[in-house]
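Okay, so here's the structure we're looking at.
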Amino acid sequence: MYFNFMQKNVGILKKFLNYVIPGLVGTILLSAYIFTDGFVVGQKLGSVALGALGIATPIINLAYAFGFLFGMGGGSLFSISLGEGKENLAKKVFSTAIFYAIIFSVSIGILANVFIYPFSRFLGADATNINYVVPYSQCLFIFLPFYFLNGLYQSFMRNEGHPNISVACGIISNLLNVFLDFLFVFGFEWGMAGAAIASCMSVTLSVIANFIISYALKTRIRFDIKNVEISIIKKILKIGFSSFIGELSNGIVTFIYIYNAIKLYGSDGSAIFCVVLNWSLVFVCITTGISQSAQPLISHGYGAKEFSTVALVRRYMLITSLITGVIFLLFCNLITNYLVDIFGTDNENVRIKSVYALKMYSPTFFINGISLAIIGYFQAIGKASDAASLSICRGVFLPVVLSLSGTILFGQNGLWLSMPAAELVTAVASGIMLHRNNKITMLR
């Protein structure tokens, strides 16, 4: 009996690693893609352009937020349907998700480009950097549908049982982005527009590759207009709402933090925050990738009522997130100067302040892996309200309230410590909600 139990555990661990390792490779490369823009812009164009990149970052958050809304919401519903043996419903979920993702993205992209200058000023652009912000933002909005579809295809590919294909497409895409970033910005000297074009072209390639492969392999993620059902989109949006809020909140928090940083540091504030933001985005990409990679196993196990499997995968997910957080915490305190110098800040004041800010912010990395993993778990089992409430708590309400109040009460220290404080409160709340859910599940 004990041997069978251990054999089952080892089998589940292997499945977990088969999903998470490719997922981690993909998200590390995604973070490298985000990181490369900051590196190239900072090294070639200077701290003003680096600050402008930070100002435009909420647009990327918006793009991925909608990609997660349709991708994670649809992917979870897709996997749960397969676990319940409802293959036709699963096919309808994909067609519905991709149809509405295209409608939403095209509409938003057109509207945003019409009002690009007022929108850029709203984000924080001023006379010193608006000529950097606008070309970068315009390109992102033109290619917005591909950002939506990239997140959607990656999620469905994982849930279809092809995580390696999703990762392979991401690897090729991100390598192309790195190459084109250097070519367009350093080689052709296209400035911020060059950085944006490189990013957009790489995302477009990823979508095209996923589309071709999904048809070549005759997978269940093939679009059919006859399978589009408006009743399904409501379920997709409900389940994906927490991921949407989680990513969108990054944009909202970025906006609020840049606003406060400019108040505290003047025009250097956006560049200082962009250095911290880039490393934060790298970590969030990786920890989000852990929960997204584990999601198919949890969703399928939950749909099949294999609750012991679900519990094991959840444990592995939490442990992996914690280990990642410890590594980042150590890096940010042991080699802080090197992490800041990577962005080639040409302003010594920006460099010194960035080193201090990153150290103060670093406890966030240890804490937020816990809440992100638990949020991912609730989403994977269809507990949309629990996942959404935690996402709003950690992603919008607490960071905004604590950063505004912390800045007023403690100045610069209050700004950088507000995020670790927000993550700590959310982690405690997540643990309480998880314990409550475990008790309910055991009663079934």
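Residues are named by chain letter and number: chains run A, B, ... in the order of the structure tokens, numbers start at 1 in each chain, and ligands are numbered from 1 in the order shown.
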Within 7 Å of region 403-416 of chain A, counting only C-alpha atoms, which residues show up once you throw out same-chain ones fewer than 6 positions away? Write them as a PyMOL selection string, please. chain A and resi 264+357+360-361
Please list as a list in words every residue within 12 Å of Phe184 (chain A), counting only C-alpha atoms and excluding residues in the same chain fewer than 3 positions away.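 Close residues of Phe184 (chain A): Asp37, Val40, Val41, Lys44, Leu176, Asn177, Val178, Phe179, Leu180, Asp181, Gly187, Phe188, Glu189, Trp190, Gly191, Met192, Ala193, Gly194, Ala195, Ala196, Ile197, Ala198, Ser199 and Met201 of chain A.
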Could you turn the residues from that selection into a file that holds N, CA, C and O atoms, as a compact mmCIF listing (two decimals), in the first residue's frame?
```
# COMPACT_ATOMS: atom_id res chain seq x y z
N ASP A 37 14.02 45.08 -23.54
CA ASP A 37 13.59 46.44 -23.88
C ASP A 37 14.21 47.45 -22.93
O ASP A 37 14.74 48.49 -23.36
N VAL A 40 18.15 47.62 -23.53
CA VAL A 40 18.52 48.31 -24.78
C VAL A 40 18.20 49.79 -24.71
O VAL A 40 19.03 50.64 -25.07
N VAL A 41 17.00 50.12 -24.23
CA VAL A 41 16.59 51.53 -24.14
C VAL A 41 17.49 52.29 -23.17
O VAL A 41 17.94 53.41 -23.45
N LYS A 44 21.19 52.57 -24.68
CA LYS A 44 21.34 53.37 -25.91
C LYS A 44 20.74 54.77 -25.80
O LYS A 44 21.33 55.76 -26.25
N LEU A 176 13.94 36.14 -31.13
CA LEU A 176 13.78 37.11 -32.22
C LEU A 176 13.69 38.53 -31.67
O LEU A 176 14.29 39.46 -32.22
N ASN A 177 12.96 38.69 -30.56
CA ASN A 177 12.82 40.01 -29.96
C ASN A 177 14.17 40.57 -29.52
O ASN A 177 14.47 41.75 -29.74
N VAL A 178 14.99 39.73 -28.89
CA VAL A 178 16.31 40.17 -28.45
C VAL A 178 17.15 40.62 -29.65
O VAL A 178 17.76 41.70 -29.64
N PHE A 179 17.14 39.79 -30.71
CA PHE A 179 17.92 40.13 -31.91
C PHE A 179 17.43 41.42 -32.55
O PHE A 179 18.22 42.32 -32.88
N LEU A 180 16.10 41.55 -32.70
CA LEU A 180 15.55 42.74 -33.35
C LEU A 180 15.71 43.99 -32.50
O LEU A 180 15.89 45.09 -33.04
N ASP A 181 15.64 43.84 -31.17
CA ASP A 181 15.87 44.99 -30.30
C ASP A 181 17.24 45.60 -30.57
O ASP A 181 17.37 46.82 -30.73
N GLY A 187 21.50 49.13 -34.19
CA GLY A 187 21.93 49.10 -35.58
C GLY A 187 21.28 50.18 -36.44
O GLY A 187 21.97 51.03 -37.02
N PHE A 188 19.95 50.15 -36.52
CA PHE A 188 19.23 51.10 -37.38
C PHE A 188 18.96 52.43 -36.68
O PHE A 188 18.55 53.39 -37.34
N GLU A 189 19.14 52.47 -35.37
CA GLU A 189 18.92 53.68 -34.57
C GLU A 189 17.49 54.22 -34.75
O GLU A 189 17.28 55.40 -35.00
N TRP A 190 16.52 53.34 -34.59
CA TRP A 190 15.12 53.72 -34.71
C TRP A 190 14.53 54.20 -33.38
O TRP A 190 13.34 54.50 -33.31
N GLY A 191 15.33 54.22 -32.35
CA GLY A 191 14.86 54.75 -31.07
C GLY A 191 13.79 53.88 -30.42
O GLY A 191 13.77 52.66 -30.56
N MET A 192 12.87 54.55 -29.72
CA MET A 192 11.81 53.85 -29.00
C MET A 192 10.90 53.07 -29.94
O MET A 192 10.41 51.99 -29.60
N ALA A 193 10.66 53.64 -31.12
CA ALA A 193 9.82 52.93 -32.10
C ALA A 193 10.46 51.60 -32.49
O ALA A 193 9.76 50.59 -32.66
N GLY A 194 11.78 51.57 -32.58
CA GLY A 194 12.48 50.34 -32.91
C GLY A 194 12.29 49.27 -31.85
O GLY A 194 12.08 48.09 -32.17
N ALA A 195 12.36 49.69 -30.57
CA ALA A 195 12.15 48.74 -29.47
C ALA A 195 10.74 48.18 -29.51
O ALA A 195 10.52 46.98 -29.28
N ALA A 196 9.77 49.05 -29.80
CA ALA A 196 8.37 48.62 -29.85
C ALA A 196 8.12 47.67 -31.03
O ALA A 196 7.45 46.64 -30.89
N ILE A 197 8.67 48.00 -32.20
CA ILE A 197 8.48 47.16 -33.38
C ILE A 197 9.09 45.78 -33.16
O ILE A 197 8.50 44.76 -33.54
N ALA A 198 10.24 45.72 -32.52
CA ALA A 198 10.88 44.44 -32.23
C ALA A 198 9.98 43.57 -31.35
O ALA A 198 9.79 42.38 -31.62
N SER A 199 9.41 44.17 -30.32
CA SER A 199 8.53 43.42 -29.41
C SER A 199 7.29 42.93 -30.14
O SER A 199 6.88 41.77 -29.99
N MET A 201 6.75 42.45 -33.38
CA MET A 201 7.04 41.43 -34.40
C MET A 201 7.26 40.06 -33.76
O MET A 201 6.82 39.04 -34.30
```
Sel. of helix (DSSP H, G or I) residues, region 342-401 of chain A, as a ChimeraX atom specification: /A:348-361,363-380,384-401
Test item: residues at most 10 Å from Gly75 (chain A), only C-alpha atoms, excluding those fewer than 5 positions along its chain, as a ChimeraX atom specification: /A:68-70,80-81,90,93-94,97,152-160,236,239-240,292,295-296,299,380
Do a neighbour search on region 325-340 of chain A at 8 Å with only C-alpha atoms, toss out local chain neighbours closer than 2 positions, and write the hits as a list of chain:residue names.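 In the requested form, the answer reads A:Val275, A:Phe283, A:Ser321, A:Leu322, A:Ile323, A:Ile342, A:Phe343, A:Gly344, A:Thr345, A:Arg351, A:Ser354, A:Val355, A:Leu358, A:Lys359, A:Ser362, A:Pro363, A:Phe365, A:Phe366, A:Ile367, A:Asn368, A:Gly369.
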Please save C-alpha atoms of the selected residues as an mmCIF file, in the first residue's frame.
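result-v8.cif written:
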```
data_model
loop_
_atom_site.group_PDB
_atom_site.id
_atom_site.type_symbol
_atom_site.label_atom_id
_atom_site.label_comp_id
_atom_site.auth_asym_id
_atom_site.auth_seq_id
_atom_site.Cartn_x
_atom_site.Cartn_y
_atom_site.Cartn_z
ATOM 1 C CA VAL A 275 14.623 49.808 -12.799
ATOM 2 C CA PHE A 283 9.865 37.760 -10.924
ATOM 3 C CA SER A 321 7.136 29.565 -5.793
ATOM 4 C CA LEU A 322 8.781 29.945 -2.365
ATOM 5 C CA ILE A 323 12.163 28.703 -3.615
ATOM 6 C CA ILE A 342 22.577 46.483 -16.327
ATOM 7 C CA PHE A 343 20.219 49.284 -17.389
ATOM 8 C CA GLY A 344 23.139 51.645 -18.056
ATOM 9 C CA THR A 345 21.664 54.635 -16.236
ATOM 10 C CA ARG A 351 21.680 54.909 -10.126
ATOM 11 C CA SER A 354 17.630 52.796 -7.763
ATOM 12 C CA VAL A 355 20.023 50.649 -5.704
ATOM 13 C CA LEU A 358 15.479 47.845 -5.111
ATOM 14 C CA LYS A 359 16.803 46.725 -1.711
ATOM 15 C CA SER A 362 13.082 43.155 -2.393
ATOM 16 C CA PRO A 363 11.053 41.461 0.437
ATOM 17 C CA PHE A 365 9.791 38.715 -4.005
ATOM 18 C CA PHE A 366 9.820 36.313 -1.075
ATOM 19 C CA ILE A 367 6.211 36.958 -0.086
ATOM 20 C CA ASN A 368 4.158 37.318 -3.236
ATOM 21 C CA GLY A 369 4.921 33.841 -4.616
#
```
I'd like to know which of A:Asn227, A:Ser249, A:Ser270, A:Thr57 is closest to Lys92 (chain A), using only C-alpha atoms.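 Between A:Asn227, A:Ser249, A:Ser270, A:Thr57, the residue approaching Lys92 (chain A) most closely is A:Asn227.
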Which residues are near Gly51 (chain A)? Cut-off 8 Å, only C-alpha atoms, ignore same chain within fewer than 3 positions. Put them as a PyMOL selection string. chain A and resi 47-48+54-55+129+268-274
With N, CA, C and O atoms kept, could you save the residues just selected as a PDB file, in the first residue's frame?
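Resulting contents of result_0.pdb:
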```pdb
ATOM      1  N   SER A  47      18.456  57.603 -19.453  1.00  0.00           N
ATOM      2  CA  SER A  47      17.492  57.491 -18.362  1.00  0.00           C
ATOM      3  C   SER A  47      16.139  58.120 -18.688  1.00  0.00           C
ATOM      4  O   SER A  47      15.101  57.678 -18.176  1.00  0.00           O
ATOM      5  N   VAL A  48      16.105  59.159 -19.514  1.00  0.00           N
ATOM      6  CA  VAL A  48      14.820  59.773 -19.885  1.00  0.00           C
ATOM      7  C   VAL A  48      13.976  58.772 -20.671  1.00  0.00           C
ATOM      8  O   VAL A  48      12.783  58.593 -20.404  1.00  0.00           O
ATOM      9  N   GLY A  54       8.965  52.983 -18.702  1.00  0.00           N
ATOM     10  CA  GLY A  54       8.163  52.690 -17.514  1.00  0.00           C
ATOM     11  C   GLY A  54       6.776  53.277 -17.613  1.00  0.00           C
ATOM     12  O   GLY A  54       5.789  52.649 -17.214  1.00  0.00           O
ATOM     13  N   ILE A  55       6.670  54.467 -18.162  1.00  0.00           N
ATOM     14  CA  ILE A  55       5.367  55.116 -18.320  1.00  0.00           C
ATOM     15  C   ILE A  55       4.474  54.329 -19.273  1.00  0.00           C
ATOM     16  O   ILE A  55       3.252  54.229 -19.069  1.00  0.00           O
ATOM     17  N   ASN A 129       9.552  63.718 -22.216  1.00  0.00           N
ATOM     18  CA  ASN A 129       9.599  62.309 -22.654  1.00  0.00           C
ATOM     19  C   ASN A 129       8.449  61.872 -23.555  1.00  0.00           C
ATOM     20  O   ASN A 129       8.411  60.712 -23.965  1.00  0.00           O
ATOM     21  N   ASP A 268      13.367  62.304 -12.387  1.00  0.00           N
ATOM     22  CA  ASP A 268      14.127  61.048 -12.285  1.00  0.00           C
ATOM     23  C   ASP A 268      13.273  59.898 -11.751  1.00  0.00           C
ATOM     24  O   ASP A 268      13.662  58.731 -11.853  1.00  0.00           O
ATOM     25  N   GLY A 269      12.136  60.224 -11.167  1.00  0.00           N
ATOM     26  CA  GLY A 269      11.315  59.214 -10.497  1.00  0.00           C
ATOM     27  C   GLY A 269      10.880  58.075 -11.398  1.00  0.00           C
ATOM     28  O   GLY A 269      10.912  56.912 -10.980  1.00  0.00           O
ATOM     29  N   SER A 270      10.480  58.384 -12.629  1.00  0.00           N
ATOM     30  CA  SER A 270       9.992  57.326 -13.521  1.00  0.00           C
ATOM     31  C   SER A 270      11.119  56.378 -13.913  1.00  0.00           C
ATOM     32  O   SER A 270      10.910  55.175 -14.069  1.00  0.00           O
ATOM     33  N   ALA A 271      12.347  56.907 -14.065  1.00  0.00           N
ATOM     34  CA  ALA A 271      13.486  56.046 -14.402  1.00  0.00           C
ATOM     35  C   ALA A 271      13.867  55.156 -13.220  1.00  0.00           C
ATOM     36  O   ALA A 271      14.170  53.967 -13.401  1.00  0.00           O
ATOM     37  N   ILE A 272      13.836  55.697 -12.002  1.00  0.00           N
ATOM     38  CA  ILE A 272      14.142  54.906 -10.802  1.00  0.00           C
ATOM     39  C   ILE A 272      13.139  53.765 -10.667  1.00  0.00           C
ATOM     40  O   ILE A 272      13.508  52.611 -10.434  1.00  0.00           O
ATOM     41  N   PHE A 273      11.864  54.113 -10.827  1.00  0.00           N
ATOM     42  CA  PHE A 273      10.853  53.067 -10.690  1.00  0.00           C
ATOM     43  C   PHE A 273      10.955  52.040 -11.810  1.00  0.00           C
ATOM     44  O   PHE A 273      10.687  50.854 -11.595  1.00  0.00           O
ATOM     45  N   CYS A 274      11.369  52.453 -12.995  1.00  0.00           N
ATOM     46  CA  CYS A 274      11.471  51.515 -14.122  1.00  0.00           C
ATOM     47  C   CYS A 274      12.519  50.442 -13.844  1.00  0.00           C
ATOM     48  O   CYS A 274      12.343  49.283 -14.244  1.00  0.00           O
TER      49      CYS A 274
END
```
Just give me the gap between CA of Leu312 (chain A) and CA of Asn438 (chain A) in Å, one decimal is fine. 12.6 Å
From the list A:Leu183, A:Leu111, A:Ile286, A:Ala304, the nearest residue to Phe141 (chain A) using only C-alpha atoms is A:Leu111
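Taking only C-alpha atoms into account, Met72 (chain A) lies nearest to A:Leu237 out of the set A:Ala112, A:Val313, A:Leu237, A:Leu372.
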